[in-house]
file upload29.cif (mmCIF, C-alpha atoms and all ligand atoms)
data_entry
#
loop_
_atom_site.label_atom_id
_atom_site.label_comp_id
_atom_site.auth_asym_id
_atom_site.auth_seq_id
_atom_site.Cartn_x
_atom_site.Cartn_y
_atom_site.Cartn_z
CA MET A 1 -80.26 84.80 -6.11
CA PRO A 2 -79.11 84.57 -9.74
CA ASP A 3 -75.75 85.79 -11.07
CA THR A 4 -77.40 88.44 -13.24
CA ILE A 5 -80.19 90.83 -12.30
CA THR A 6 -81.96 93.45 -14.39
CA ASN A 7 -82.75 96.65 -12.51
CA ARG A 8 -85.79 98.82 -13.10
CA HIS A 9 -83.96 100.83 -15.74
CA GLY A 10 -83.38 97.67 -17.80
CA ASP A 11 -79.66 97.56 -16.95
CA GLU A 12 -78.07 94.16 -16.47
CA ILE A 13 -76.06 93.90 -13.25
CA ARG A 14 -73.77 90.87 -13.10
CA VAL A 15 -71.63 89.17 -10.51
CA GLY A 16 -67.99 89.99 -11.31
CA GLN A 17 -68.69 93.43 -12.77
CA HIS A 18 -66.65 96.35 -11.51
CA TRP A 19 -68.22 99.74 -10.83
CA LEU A 20 -66.60 103.08 -10.02
CA ASP A 21 -67.75 105.90 -7.81
CA PRO A 22 -68.52 109.18 -9.61
CA ALA A 23 -65.34 110.85 -10.91
CA THR A 24 -66.07 113.92 -8.79
CA ARG A 25 -65.51 112.07 -5.50
CA ASP A 26 -62.28 112.71 -3.64
CA ASP A 27 -62.04 109.08 -2.62
CA ARG A 28 -63.10 107.11 -5.66
CA ARG A 29 -63.89 103.46 -4.93
CA THR A 30 -63.78 100.49 -7.28
CA LEU A 31 -66.55 98.05 -6.35
CA ARG A 32 -66.73 94.44 -7.45
CA VAL A 33 -70.19 92.83 -7.50
CA ASP A 34 -70.04 89.57 -5.53
CA GLY A 35 -73.74 88.76 -5.31
CA PHE A 36 -77.22 90.06 -4.65
CA ALA A 37 -79.41 90.17 -1.57
CA ASP A 38 -82.95 91.09 -0.69
CA ALA A 39 -82.87 94.12 1.62
CA GLY A 40 -86.59 94.07 2.36
CA SER A 41 -88.27 97.43 1.84
CA LEU A 42 -85.01 98.80 0.40
CA GLY A 43 -85.32 96.41 -2.52
CA THR A 44 -82.61 94.29 -4.08
CA VAL A 45 -79.03 95.27 -3.35
CA ALA A 46 -75.75 94.36 -5.00
CA VAL A 47 -73.30 93.07 -2.41
CA CYS A 48 -69.94 94.51 -3.43
CA THR A 49 -66.35 94.35 -2.22
CA VAL A 50 -64.44 97.63 -2.27
CA VAL A 51 -61.36 96.35 -4.13
CA ALA A 52 -59.64 99.75 -4.39
CA VAL A 53 -59.97 103.34 -3.26
CA TYR A 54 -58.15 106.03 -5.20
CA SER A 55 -57.56 109.16 -3.13
CA ARG A 56 -57.25 112.27 -5.28
CA SER A 57 -55.72 114.33 -2.49
CA GLU A 58 -53.21 111.70 -1.33
CA LEU A 59 -52.59 110.25 -4.82
CA THR A 60 -52.69 106.76 -3.37
CA VAL A 61 -54.61 103.57 -4.05
CA THR A 62 -55.58 101.49 -1.03
CA HIS A 63 -57.35 98.14 -0.83
CA PRO A 64 -59.71 98.13 2.13
CA ASP A 65 -61.62 94.93 1.09
CA ARG A 66 -64.73 96.26 2.83
CA VAL A 67 -68.17 94.99 1.84
CA VAL A 68 -70.89 97.48 0.88
CA GLN A 69 -74.43 97.13 -0.38
CA ILE A 70 -75.82 99.26 -3.18
CA ASN A 71 -79.39 99.31 -4.42
CA ILE A 72 -79.32 97.82 -7.93
CA ASP A 73 -81.41 100.70 -9.30
CA ARG A 74 -78.54 103.10 -8.50
CA LEU A 75 -76.21 101.18 -10.83
CA ARG A 76 -76.82 102.61 -14.29
CA VAL A 77 -75.04 101.35 -17.40
CA LYS A 78 -75.63 104.68 -19.15
CA PRO A 79 -73.28 106.88 -17.14
CA SER A 80 -74.34 110.12 -15.52
CA ALA A 81 -71.76 112.52 -14.10
CA ARG A 82 -72.98 112.07 -10.53
CA GLY A 83 -73.76 108.35 -10.55
CA TYR A 84 -71.84 105.10 -10.37
CA GLN A 85 -70.05 104.15 -13.56
CA LEU A 86 -69.71 100.67 -15.01
CA ALA A 87 -65.99 99.94 -15.27
CA THR A 88 -66.13 96.51 -16.90
CA GLY A 89 -65.73 96.77 -20.67
CA THR A 90 -66.49 100.49 -20.94
CA PHE A 91 -63.12 102.13 -21.70
CA THR A 92 -62.89 102.45 -25.49
CA VAL A 93 -59.68 103.89 -26.93
CA ARG A 94 -57.64 103.97 -30.16
CA VAL A 95 -54.14 102.59 -29.79
CA ALA A 96 -51.18 102.04 -32.11
CA ASP A 97 -50.49 98.37 -32.80
CA ARG A 98 -46.91 97.85 -33.98
CA ARG A 99 -46.70 94.15 -33.14
CA HIS A 100 -47.28 92.75 -36.61
CA SER A 101 -45.01 94.99 -38.66
CA PRO A 102 -41.35 94.02 -39.02
CA VAL A 103 -40.45 97.71 -39.27
CA SER A 104 -42.75 98.86 -36.45
CA HIS A 105 -45.36 100.62 -38.57
CA ALA A 106 -48.45 101.49 -36.61
CA ILE A 107 -51.96 100.23 -37.28
CA ILE A 108 -54.58 102.11 -35.27
CA ARG A 109 -56.98 99.79 -33.48
CA THR A 110 -60.05 100.70 -31.45
CA ILE A 111 -60.21 98.46 -28.41
CA THR A 112 -62.40 98.21 -25.34
CA LEU A 113 -60.87 97.71 -21.92
CA ASP A 114 -62.03 97.94 -18.34
CA ALA A 115 -61.96 101.49 -16.96
CA ILE A 116 -59.71 100.32 -14.12
CA CYS A 117 -55.99 99.64 -13.91
CA PRO A 118 -55.25 95.87 -14.10
CA LEU A 119 -52.50 96.21 -11.47
CA CYS A 120 -54.31 98.07 -8.69
CA SER A 121 -58.00 98.36 -9.78
CA GLY A 122 -57.82 102.17 -9.45
CA PRO A 123 -59.59 104.23 -12.14
CA ARG A 124 -57.83 104.67 -15.49
CA GLY A 125 -57.12 108.20 -16.72
CA VAL A 126 -59.14 110.24 -19.21
CA PRO A 127 -58.16 109.57 -22.86
CA THR A 128 -57.03 112.49 -24.99
CA ASN A 129 -56.32 112.61 -28.70
CA HIS A 130 -52.72 112.32 -29.83
CA ASN A 131 -51.64 112.96 -33.46
CA PHE A 132 -48.35 111.51 -34.61
CA HIS A 133 -46.35 111.03 -37.78
CA ASP A 134 -45.67 107.46 -38.84
CA ASP A 135 -43.80 106.63 -42.06
CA GLY A 136 -45.21 109.45 -44.17
CA GLN A 137 -48.72 109.67 -42.73
CA TRP A 138 -50.43 111.34 -39.82
CA LEU A 139 -52.26 109.03 -37.44
CA SER A 140 -54.41 109.70 -34.38
CA CYS A 141 -54.67 107.60 -31.26
CA ASP A 142 -55.51 108.12 -27.60
CA THR A 143 -53.21 108.57 -24.67
CA TRP A 144 -54.16 108.59 -21.01
CA GLU A 145 -52.34 108.90 -17.75
CA ASN A 146 -53.57 106.69 -14.93
CA PRO A 147 -53.84 108.62 -11.68
CA CYS A 148 -52.41 105.61 -9.78
CA GLY A 149 -49.15 106.05 -11.69
CA HIS A 150 -49.20 102.64 -13.41
CA PHE A 151 -48.36 103.04 -17.08
CA ASP A 152 -50.50 101.28 -19.70
CA MET A 153 -48.16 100.08 -22.46
CA TYR A 154 -49.92 99.63 -25.80
CA VAL A 155 -48.69 96.01 -26.11
CA ASN A 156 -50.23 95.23 -22.73
CA VAL A 157 -53.59 96.86 -23.40
CA LEU A 158 -53.81 95.15 -26.81
CA ALA A 159 -53.28 91.79 -25.07
CA GLU A 160 -55.81 92.75 -22.37
CA ALA A 161 -58.44 93.60 -25.02
CA GLU A 162 -57.80 90.30 -26.83
CA ARG A 163 -58.19 88.34 -23.59
CA ALA A 164 -61.48 90.16 -22.82
CA GLN A 165 -62.72 89.46 -26.34
CA ALA A 166 -61.83 85.76 -26.07
CA ALA A 167 -63.63 85.54 -22.70
CA LYS A 168 -66.73 87.13 -24.22
CA VAL A 169 -66.74 84.67 -27.13
CA SER A 170 -66.41 81.62 -24.87
CA GLU A 171 -69.18 82.98 -22.61
CA GLY A 172 -71.72 83.61 -25.35
ZN ZN B 201 -52.76 101.17 -11.06
#

call {"tool": "encode", "arguments": {"input": "upload29.cif", "output": "structure tokens"}}
result
Amino acid sequence: MPDTITNRHGDEIRVGQHWLDPATRDDRRTLRVDGFADAGSLGTVAVCTVVAVYSRSELTVTHPDRVVQINIDRLRVKPSARGYQLATGTFTVRVADRRHSPVSHAIIRTITLDAICPLCSGPRGVPTNHNFHDDGQWLSCDTWENPCGHFDMYVNVLAEAERAQAAKVSEG
């Protein structure tokens, strides 16, 4: 089986991608695609490791490392509220970059991250708009609170986005 498969919706499913259960689930799993298999009459399945489970009621993230199989046609890149959601490279936010100014002025950058926490692979929080005053002007960025409790510092997410960008360039 190849490393990349196109499902019947035209979506590209790749080994190494992360997918999330629908946000409405009480136990929301993060699934990593490890390969593909032919499941006979059930079609082609993605063989995935459950790398994290975020429990909304317990507020915990656990790492069961179970293997599950999901029909590739159920993995849709265009998200629907009740379907699986692609986590890899789908979390786009505006953040304040103060790294290049000697006096800490903010430049707003739009970056794309994975929709999962880099520390525990649990889902990242929902971004909301935040307006702030910076040296005489009003700026808008996004803030989000990860349900796992790990805090995303802007310097860290900027570095994460740059690493992802560099990986994409070397791939293509
Ligand atoms: Zn986390």

call {"tool": "closest_atom_pairs", "arguments": {"input": "upload29.cif", "of": "region 78-98 of chain A", "to": "region 29-43 of chain A", "cutoff": "10 Å", "atoms": "all atoms listed in the file", "output": "tab-separated table"}}
result
residue	atom	partner	partner_atom	distance
A:Tyr84	CA	A:Leu31	CA	9.7
A:Gln85	CA	A:Thr30	CA	9.6
A:Leu86	CA	A:Leu31	CA	9.6
A:Ala87	CA	A:Thr30	CA	8.3
A:Thr88	CA	A:Arg32	CA	9.7

call {"tool": "closest_residue", "arguments": {"input": "upload29.cif", "among": "A:Ile111, A:Leu119, A:Ala81, A:Val95", "to": "ligand ZN 201 (chain B)", "atoms": "all atoms listed in the file"}}
result
A:Leu119

call {"tool": "axis_aligned_box", "arguments": {"input": "upload29.cif", "around": "region 114-133 of chain A", "padding_each_side": "6 Å", "output": "AutoDock Vina command-line options"}}
result
--center_x -54.2 --center_y 104.4 --center_z -23.2 --size_x 27.7 --size_y 29.1 --size_z 41.1

call {"tool": "atom_distance", "arguments": {"input": "upload29.cif", "atom1": "CA of Ile72 (chain A)", "atom2": "CA of Arg14 (chain A)"}}
result
10.3 Å

call {"tool": "residues_near_ligand", "arguments": {"input": "upload29.cif", "ligand": "ligand ZN 201 (chain B)", "cutoff": "8 Å", "atoms": "all atoms listed in the file", "output": "list in words"}}
result
Val61, Ile116, Cys117, Pro118, Leu119, Cys120, Ser121, Gly122, Pro123, Arg124, Asn146, Pro147, Cys148, Gly149, His150 and Phe151 of chain A

call {"tool": "write_last_selection", "arguments": {"input": "upload29.cif", "atoms": "C-alpha atoms", "output": "compact mmCIF listing (two decimals), in the frame of the given file"}}
result
# COMPACT_ATOMS: atom_id res chain seq x y z
CA VAL A 61 -54.61 103.57 -4.05
CA ILE A 116 -59.71 100.32 -14.12
CA CYS A 117 -55.99 99.64 -13.91
CA PRO A 118 -55.25 95.87 -14.10
CA LEU A 119 -52.50 96.21 -11.47
CA CYS A 120 -54.31 98.07 -8.69
CA SER A 121 -58.00 98.36 -9.78
CA GLY A 122 -57.82 102.17 -9.45
CA PRO A 123 -59.59 104.23 -12.14
CA ARG A 124 -57.83 104.67 -15.49
CA ASN A 146 -53.57 106.69 -14.93
CA PRO A 147 -53.84 108.62 -11.68
CA CYS A 148 -52.41 105.61 -9.78
CA GLY A 149 -49.15 106.05 -11.69
CA HIS A 150 -49.20 102.64 -13.41
CA PHE A 151 -48.36 103.04 -17.08

call {"tool": "atom_distance", "arguments": {"input": "upload29.cif", "atom1": "CA of Asp142 (chain A)", "atom2": "CA of Val93 (chain A)"}}
result
6.0 Å

call {"tool": "closest_residue", "arguments": {"input": "upload29.cif", "among": "A:Asp97, A:Val53, A:Ala23, A:Arg66", "to": "Val126 (chain A)", "atoms": "all atoms listed in the file"}}
result
A:Ala23

call {"tool": "closest_residue", "arguments": {"input": "upload29.cif", "among": "A:Gly136, A:Ile13, A:Val157, A:Thr44", "to": "Phe91 (chain A)", "atoms": "only C-alpha atoms"}}
result
A:Val157

call {"tool": "closest_residue", "arguments": {"input": "upload29.cif", "among": "A:Ser55, A:Ser80, A:Thr49, A:Gln17", "to": "Val68 (chain A)", "atoms": "all atoms listed in the file"}}
result
A:Thr49

call {"tool": "residues_around", "arguments": {"input": "upload29.cif", "residues": "region 103-105 of chain A", "least_positions_apart": "6", "cutoff": "10 Å", "atoms": "all atoms listed in the file", "output": "VMD selection string"}}
result
chain A and resid 96 to 97 134 to 135

call {"tool": "decode", "arguments": {"input": "upload29.cif", "residues": "region 117-131 of chain A", "atoms": "N, CA and C atoms", "output": "JSON list (two decimals), in the first residue's frame"}}
result
[["chain", "number", "residue", "atom", "x", "y", "z"],
["A", 117, "CYS", "N", -2.32, 19.82, 20.47],
["A", 117, "CYS", "CA", -1.26, 20.32, 21.35],
["A", 117, "CYS", "C", 0.04, 19.54, 21.09],
["A", 118, "PRO", "N", 1.18, 20.24, 20.90],
["A", 118, "PRO", "CA", 2.43, 19.52, 20.62],
["A", 118, "PRO", "C", 2.95, 18.73, 21.82],
["A", 119, "LEU", "N", 2.47, 19.02, 23.02],
["A", 119, "LEU", "CA", 2.95, 18.31, 24.21],
["A", 119, "LEU", "C", 2.19, 17.01, 24.47],
["A", 120, "CYS", "N", 0.86, 17.02, 24.23],
["A", 120, "CYS", "CA", 0.08, 15.83, 24.61],
["A", 120, "CYS", "C", -0.80, 15.29, 23.48],
["A", 121, "SER", "N", -0.82, 15.98, 22.32],
["A", 121, "SER", "CA", -1.64, 15.57, 21.17],
["A", 121, "SER", "C", -3.14, 15.70, 21.41],
["A", 122, "GLY", "N", -3.55, 16.30, 22.52],
["A", 122, "GLY", "CA", -4.98, 16.59, 22.73],
["A", 122, "GLY", "C", -5.40, 17.74, 21.81],
["A", 123, "PRO", "N", -6.71, 17.92, 21.60],
["A", 123, "PRO", "CA", -7.17, 18.99, 20.71],
["A", 123, "PRO", "C", -6.84, 20.39, 21.25],
["A", 124, "ARG", "N", -6.47, 21.31, 20.36],
["A", 124, "ARG", "CA", -6.28, 22.70, 20.77],
["A", 124, "ARG", "C", -7.64, 23.35, 20.97],
["A", 125, "GLY", "N", -7.65, 24.47, 21.68],
["A", 125, "GLY", "CA", -8.91, 25.17, 21.96],
["A", 125, "GLY", "C", -9.43, 25.95, 20.76],
["A", 126, "VAL", "N", -10.59, 26.55, 20.91],
["A", 126, "VAL", "CA", -11.22, 27.30, 19.83],
["A", 126, "VAL", "C", -10.71, 28.75, 19.87],
["A", 127, "PRO", "N", -10.16, 29.26, 18.75],
["A", 127, "PRO", "CA", -9.64, 30.63, 18.74],
["A", 127, "PRO", "C", -10.75, 31.67, 18.84],
["A", 128, "THR", "N", -10.49, 32.71, 19.62],
["A", 128, "THR", "CA", -11.41, 33.85, 19.67],
["A", 128, "THR", "C", -10.62, 35.13, 19.45],
["A", 129, "ASN", "N", -11.30, 36.13, 18.91],
["A", 129, "ASN", "CA", -10.65, 37.39, 18.59],
["A", 129, "ASN", "C", -10.27, 38.16, 19.86],
["A", 130, "HIS", "N", -9.10, 38.77, 19.82],
["A", 130, "HIS", "CA", -8.63, 39.57, 20.95],
["A", 130, "HIS", "C", -8.07, 40.88, 20.39],
["A", 131, "ASN", "N", -8.66, 42.03, 20.81],
["A", 131, "ASN", "CA", -8.17, 43.34, 20.38],
["A", 131, "ASN", "C", -7.27, 43.89, 21.47]]
